[in-house]
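A.B. asks: Shown below is the structure under consideration.
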Amino acid sequence: MNLTTKTLSAPSETLYPGKGMLDTAQTQLDKASDYLGLDEGLHAIISQPERELTVAIPIRRDDGAISVYTGYRVQHSSARGPCKGGIRFHPVVDLDEVKALALLMTLKCAVANLPYGGAKGGISVSPAELSNHELERLTRRYATMIMPILGGKRDIPAPDVNTSPRIMTWFMDTVSMIQGQLTPEVITGKPVELGGSQGRIEATGRGVAIAAVETLRRLGRSSEDIRVAVQGYGNVGIHAARILAQEYGCNIVAVSDESGGLYNTNGLPLLSLNDYLTHNPGEFLSNYATNGHVDRISNEELLELAVDVLIPAAIENQITVGNADLIQAQILVEGANGPTTFEADAILRERGIHVVPDILANAGGVIVSYLEWVQDLQWFFLEVSEVQARLQVMMQRAFEEVWSLSERQQIDLRSAAYVLAVERVARAIDQRGIFP
Amino acid sequence: MYTEITQKDVRTQLDEIQVSSIFETSETITANALDLARKKLLPREQQAELAKLFERRDFIEYFKHALALEISQVLASYDQRIQAVFLFEESANPDAETEDYPASVDLTIHLLASVTSASAAFESFVASFDRSLTEVLCELPSNAFARRTSFLDIIPVTKKDIDERRGYAGLLSSIYVHPLKIWQRD
């Protein structure tokens with residue numbers, strides 16, 4: 001095995017080639033393997049999921065009819081620990097998609113140095129077309145059918161698209177009933193009352209905030225009065241903004257949702273804004289009464305503001321060739337998954353903008369999932385302050401490792417994150433050896 | 001009895017919608033969506049008062065989904081340039097390892113309308129439709145609806161937008177979460 005890294009100049013391509021999902025994930029892996037000069041055999045092992053399970057899930061409908069749905073669970077790697085990854089309920093779920101997402105989970109857990117491999121699962125179904133009782137029956141039957149490969153030390157699912165804490169609870173209850181004992185460690189994302197973790201709701205946003213502050217520190221800048229714009233004022237963006245302002249003294253000058261954005265060069269009244277959204281759930285920012293103290297801007301304008309830190313925390317593909325040249329931020333922290341297109345990433349790199357990649361920046365969520373699992377295994381539950389402190393240490397360490405590799409190898413942070421992840425997985429496989 | 005909510009359930013009379021009757025259309029599709037959502041419940045639950053039903057997250061989700069199907073029909077009837085309509089959730093994070101399930105249902109109906117070409121008239125129609133629909137929905141017995149000033153987030157996307165993954169059109173080549181196709185022109 002050869003894990004010696006090559007000395008590289010800045011790569012001419014990023015790890016986002018803009019192909020189909022499985023191709024994209026595979027190409028990310030291939031590029032990182034090339035950087036590492038990875039042994040062909042090890043590359044072959046990492047390139048394929050360890051295990052793929054497809055199940056035909058019959059349920060009795062409320063009208064007495066029987067419907068059969070297709071479900072999947074793919075375990076990409078268990079080299080570094082139990083497999084970890086969400087379960088999604090969506091009509092277009094297929095095996096290729098689940099395989100790609102399982103691979104990405106392996107890499108994400110490895111970047112954060114969690115003792116996990118990667119997995120993903122799902123059922124090809126539109127939950128809105130099922131009644132509540134049908135959804136419960138579907139979840140419980142699926143849990144039963146994939147149970148042979150699950151377990152707190154084998155594979156630990158979590159929520160994903162269209163799956164909620166309620167569904168996670170059905171899942172845990174099903175496994176517990178069959179095993180004859182309560183097994184909260186079999187799944188994460190549970191309600192706090194049933195073994196979920198404190199601090200989970202803000203976890204991703206807190207991780208994003210930490211990533212932003214760590215980047216500033218590496219660039220020799222204090223976080224005090226740093227100007228920040230947040231695109232996507234949802235579950236990630238709202239917490240990232242609040243934490244950056246309250247705990248690090250940053251100046252949040254702009255935020256946006258799908259209705260548009262709010263901007264004040266001297267800083268937004270976050271307390272008032274968050275209070276408005278708390279009392280008007282689901283309401284748009286555009287309906288917030290600005291009393292003339294705040295300018296209304298579009299999402300596009302927000303991305304192009306003269307700020308120090310830009311946090312795209314909405315959806316994919318927001319930074320494109322169309323606006324990459326107009327980004328004025330020095331630092332871009334990817335709170336969302338895949339907000340920067342392949343082509344735009346190259347432009348930002350050439351312009352010297354520091355992009356903290358999604359795989360690192362939004363790892364706070366899976367880190368707190370790990371903490372939930374650890375608490376469940378020990379039946380010892382942490383206070384929110386303890387969860388926050390541990391999250392901070394783990395995010396800072398992950399960031400330092402990616403940053404250092406980036407500096408040493410003179411590669412961008414995204415490439416460094418993938419190289420670090422692949423190296424860790426490969427090393428674990430190599431150290432464990434090939435059984436028998 | 002249980003009835004599956006699918007596009008075929010949506011009344012075909014909507015094909016004949018006149019723009020001038022947009023308020024009546026809003027009332028009609030809201031009533032249809034409420035009926036369809038009730039049918040998702042157990043028989044003994046279906047007769048409950050609407051105010052009680054709107055306290056249930058599952059009922060709101062069923063209603064929202066049914067309403068989205070109805071709205072897609074209205075849009076397609078109005079504008080022949082619409083080739084398909086996709087439903088997406090702004091708050092649905094792909095990888096809920098990184099985001100928690102939203103505490104409340106996002107009442108906004110987010111749609112991507114695949115169009116052969118952009119049109120100011122379409123955007124004007126959507127704005128008018130949103131106003132009418134909001135007026136109707138605000139009368140529903142739920143504080144969550146009463147406070148809202150808008151319910152529609154309809155984004156027209158062209159083939160070029162989709163090919164170049166511009167803006168929200170990029171969702172259609174999403175690596176993490178796909179919008180749900182709820183209507184397609186034959």
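Naming scheme: A, B, ... for chains in displayed order of the structure tokens; residues 1 onward per chain; ligands 1 onward as shown.
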Tell me which protein, DNA and RNA residues are within 10 Å of segment 137-147 of chain B, counting only C-alpha atoms, leaving out same-chain ones fewer than 2 positions away, and put them as a PyMOL selection string.
C.D. replies: (chain A and resi 280-283) or (chain B and resi 26-27+30+49-55+104-107+131-135+149-151)
A.B. asks: Can you write out the residues you just picked, keeping N, CA and C atoms, as a compact mmCIF listing (two decimals), in the first residue's frame?
C.D. replies:
```txt
# COMPACT_ATOMS: atom_id res chain seq x y z
N ASN A 280 -44.34 33.57 14.04
CA ASN A 280 -45.04 33.42 12.76
C ASN A 280 -44.39 32.29 11.96
N PRO A 281 -44.54 31.06 12.45
CA PRO A 281 -43.84 29.95 11.79
C PRO A 281 -44.22 29.82 10.32
N GLY A 282 -43.21 29.63 9.51
CA GLY A 282 -43.45 29.45 8.08
C GLY A 282 -43.56 30.77 7.33
N GLU A 283 -43.49 31.89 8.07
CA GLU A 283 -43.66 33.19 7.40
C GLU A 283 -42.39 33.56 6.64
N SER B 26 -59.95 29.41 -6.82
CA SER B 26 -59.22 29.22 -5.56
C SER B 26 -60.12 28.56 -4.52
N GLU B 27 -61.37 29.00 -4.48
CA GLU B 27 -62.30 28.38 -3.53
C GLU B 27 -62.53 26.91 -3.88
N THR B 30 -59.45 24.69 -3.14
CA THR B 30 -59.26 24.55 -1.69
C THR B 30 -60.25 23.53 -1.14
N GLU B 49 -64.10 18.31 13.16
CA GLU B 49 -64.14 19.72 12.76
C GLU B 49 -62.81 20.11 12.12
N LEU B 50 -62.93 20.99 11.15
CA LEU B 50 -61.73 21.39 10.41
C LEU B 50 -60.68 22.01 11.34
N ALA B 51 -61.14 22.79 12.29
CA ALA B 51 -60.18 23.44 13.20
C ALA B 51 -59.37 22.39 13.95
N LYS B 52 -60.02 21.30 14.33
CA LYS B 52 -59.32 20.22 15.02
C LYS B 52 -58.33 19.54 14.07
N LEU B 53 -58.79 19.33 12.86
CA LEU B 53 -57.92 18.64 11.89
C LEU B 53 -56.67 19.47 11.60
N PHE B 54 -56.82 20.78 11.58
CA PHE B 54 -55.66 21.62 11.29
C PHE B 54 -54.66 21.68 12.45
N GLU B 55 -55.02 21.05 13.56
CA GLU B 55 -54.04 20.92 14.65
C GLU B 55 -53.12 19.71 14.41
N SER B 104 -42.50 22.97 12.38
CA SER B 104 -43.83 23.21 11.84
C SER B 104 -43.80 23.01 10.33
N VAL B 105 -44.98 22.74 9.78
CA VAL B 105 -45.06 22.52 8.34
C VAL B 105 -44.87 23.85 7.62
N ASP B 106 -44.05 23.85 6.60
CA ASP B 106 -43.90 25.03 5.76
C ASP B 106 -45.14 25.10 4.88
N LEU B 107 -45.97 26.11 5.12
CA LEU B 107 -47.25 26.18 4.40
C LEU B 107 -47.10 26.69 2.97
N ARG B 131 -52.77 35.92 -4.67
CA ARG B 131 -53.61 36.82 -3.87
C ARG B 131 -54.98 36.21 -3.59
N SER B 132 -55.57 35.62 -4.64
CA SER B 132 -56.89 35.02 -4.47
C SER B 132 -56.83 33.82 -3.53
N LEU B 133 -55.85 32.99 -3.76
CA LEU B 133 -55.72 31.79 -2.94
C LEU B 133 -55.46 32.17 -1.48
N THR B 134 -54.64 33.18 -1.28
CA THR B 134 -54.35 33.61 0.09
C THR B 134 -55.61 34.10 0.78
N GLU B 135 -56.42 34.82 0.01
CA GLU B 135 -57.68 35.31 0.57
C GLU B 135 -58.56 34.15 1.04
N THR B 149 -49.53 36.01 4.29
CA THR B 149 -49.85 36.98 3.23
C THR B 149 -49.54 36.43 1.85
N SER B 150 -49.03 35.21 1.81
CA SER B 150 -48.72 34.59 0.53
C SER B 150 -48.56 33.09 0.75
N PHE B 151 -48.93 32.31 -0.25
CA PHE B 151 -48.78 30.86 -0.12
C PHE B 151 -48.05 30.23 -1.31
```
A.B. asks: Please give the complete set of residues from chain B that DSSP, run on the backbone, assigns to strand (DSSP E), formatted as a ChimeraX atom specification.
C.D. replies: /B:82-88,109-115,152-157,180-184
A.B. asks: Could you check the closest approach to chain B for each of A:Tyr233, A:Phe399, A:Phe380, A:Tyr248 and tell me which residue wins, using only C-alpha atoms?
C.D. replies: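 Smallest separation from chain B among the options: A:Tyr233.
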A.B. asks: Give the answer as one residue: which of A:Lys99, A:Arg140, A:Arg227, A:Arg51 has the shortest atom-to-atom distance to chain B, using only C-alpha atoms?
C.D. replies: A:Lys99
A.B. asks: For chain A, report every residue with an atom at most 7 Å from chain B (counting only C-alpha atoms), formatted as a PyMOL selection string.
C.D. replies: chain A and resi 21+62-63+86+128-129+131-132+158-161+164+201+204+234-236+281-283+316-318+362-366+369
A.B. asks: Any chance you can output those residues with C-alpha atoms as a PDB file, in the first residue's frame?
C.D. replies:
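After the write, selection-v8.pdb holds the following:
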```pdb
ATOM      1  CA  MET A  21     -24.964  11.320  -8.952  1.00  0.00           C
ATOM      2  CA  ASP A  62     -56.428   1.253   4.908  1.00  0.00           C
ATOM      3  CA  ASP A  63     -58.948   0.020   2.357  1.00  0.00           C
ATOM      4  CA  GLY A  86     -30.054   8.388   6.774  1.00  0.00           C
ATOM      5  CA  ALA A 128     -48.042  12.193   1.160  1.00  0.00           C
ATOM      6  CA  GLU A 129     -49.931   9.442  -0.628  1.00  0.00           C
ATOM      7  CA  SER A 131     -52.171   7.768   5.545  1.00  0.00           C
ATOM      8  CA  ASN A 132     -50.444   8.121   8.875  1.00  0.00           C
ATOM      9  CA  ALA A 158     -31.007   8.465  10.853  1.00  0.00           C
ATOM     10  CA  PRO A 159     -33.633  10.801   9.385  1.00  0.00           C
ATOM     11  CA  ASP A 160     -33.295  12.072   5.847  1.00  0.00           C
ATOM     12  CA  VAL A 161     -35.694  13.395   3.214  1.00  0.00           C
ATOM     13  CA  SER A 164     -38.976  12.568  10.826  1.00  0.00           C
ATOM     14  CA  ILE A 201     -31.475  21.300  16.395  1.00  0.00           C
ATOM     15  CA  THR A 204     -25.381  22.008  11.845  1.00  0.00           C
ATOM     16  CA  GLY A 234     -33.808  28.068   7.729  1.00  0.00           C
ATOM     17  CA  ASN A 235     -32.731  25.435  10.214  1.00  0.00           C
ATOM     18  CA  VAL A 236     -29.051  25.831   9.364  1.00  0.00           C
ATOM     19  CA  PRO A 281     -43.839  29.951  11.794  1.00  0.00           C
ATOM     20  CA  GLY A 282     -43.449  29.454   8.078  1.00  0.00           C
ATOM     21  CA  GLU A 283     -43.657  33.186   7.404  1.00  0.00           C
ATOM     22  CA  GLU A 316     -27.747  23.265  -4.216  1.00  0.00           C
ATOM     23  CA  ASN A 317     -26.227  25.071  -7.178  1.00  0.00           C
ATOM     24  CA  GLN A 318     -26.593  28.668  -5.978  1.00  0.00           C
ATOM     25  CA  ASN A 362     -22.019  21.101   7.657  1.00  0.00           C
ATOM     26  CA  ALA A 363     -20.642  18.094   9.526  1.00  0.00           C
ATOM     27  CA  GLY A 364     -22.018  19.431  12.821  1.00  0.00           C
ATOM     28  CA  GLY A 365     -25.195  17.420  12.335  1.00  0.00           C
ATOM     29  CA  VAL A 366     -23.537  14.049  11.989  1.00  0.00           C
ATOM     30  CA  SER A 369     -25.671  12.194  15.789  1.00  0.00           C
TER      31      SER A 369
END
```
A.B. asks: Identify, on the basis of only C-alpha atoms, every residue whose closest approach to Pro58 of chain A does not exceed 7 Å; exclude the query and any residue fewer than 3 positions from it along the same chain; express the result as a PyMOL selection string.
C.D. replies: chain A and resi 66-69
A.B. asks: What parts of segment 133-332 of chain A does DSSP call alpha helix (DSSP H)? I'd like the answer as a ChimeraX atom specification.
C.D. replies: /A:133-146,165-179,203-218,237-248,270-279,299-303
A.B. asks: Find the distance between atom CA of Leu69 of chain B and atom CA of Glu97 of chain A and write it in Å to one decimal.
C.D. replies: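 Between atom CA of Leu69 of chain B and atom CA of Glu97 of chain A the gap works out to 26.0 Å.
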A.B. asks: Got a sec: who's within 10 Å of Asp79 of chain B, counting only C-alpha atoms, leaving out chain neighbours fewer than 2 positions off, as a list of chain:residue names?
C.D. replies: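 The residues satisfying every condition are B:Val74, B:Leu75, B:Ala76, B:Ser77, B:Arg81, B:Ile82, B:Gln83, B:Val115, B:Ser119, B:Ala121, B:Phe122, B:Phe125.
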A.B. asks: Keeping only N, CA and C atoms, take the residues you just selected and write them out as a compact mmCIF listing (two decimals), in the first residue's frame.
C.D. replies:
```
# COMPACT_ATOMS: atom_id res chain seq x y z
N VAL B 74 -54.29 24.02 -12.41
CA VAL B 74 -54.70 25.39 -12.75
C VAL B 74 -53.63 26.05 -13.61
N LEU B 75 -52.40 25.92 -13.20
CA LEU B 75 -51.30 26.55 -13.94
C LEU B 75 -51.22 26.00 -15.36
N ALA B 76 -51.31 24.69 -15.45
CA ALA B 76 -51.19 24.05 -16.77
C ALA B 76 -52.35 24.42 -17.68
N SER B 77 -53.51 24.61 -17.08
CA SER B 77 -54.66 25.02 -17.89
C SER B 77 -54.50 26.44 -18.40
N ARG B 81 -47.57 26.74 -22.22
CA ARG B 81 -46.11 26.59 -22.28
C ARG B 81 -45.58 25.74 -21.15
N ILE B 82 -46.42 25.49 -20.18
CA ILE B 82 -45.97 24.67 -19.05
C ILE B 82 -45.94 23.20 -19.49
N GLN B 83 -44.78 22.60 -19.33
CA GLN B 83 -44.60 21.21 -19.74
C GLN B 83 -44.69 20.24 -18.57
N VAL B 115 -41.15 25.41 -18.26
CA VAL B 115 -41.85 26.13 -19.33
C VAL B 115 -40.99 26.17 -20.59
N SER B 119 -42.27 34.14 -19.29
CA SER B 119 -43.35 35.02 -19.71
C SER B 119 -43.77 35.92 -18.56
N ALA B 121 -46.51 37.47 -18.46
CA ALA B 121 -47.94 37.21 -18.22
C ALA B 121 -48.13 36.09 -17.21
N PHE B 122 -47.27 35.09 -17.30
CA PHE B 122 -47.37 33.97 -16.37
C PHE B 122 -47.11 34.46 -14.94
N PHE B 125 -50.01 36.29 -13.69
CA PHE B 125 -51.10 35.38 -13.34
C PHE B 125 -50.83 34.74 -11.97
```
A.B. asks: Could you state the separation of atom CA of Gly322 of chain A and atom CA of Ile154 of chain B in Å, given to one decimal place?
C.D. replies: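 Going from atom CA of Gly322 of chain A over to atom CA of Ile154 of chain B, I get 21.7 Å.
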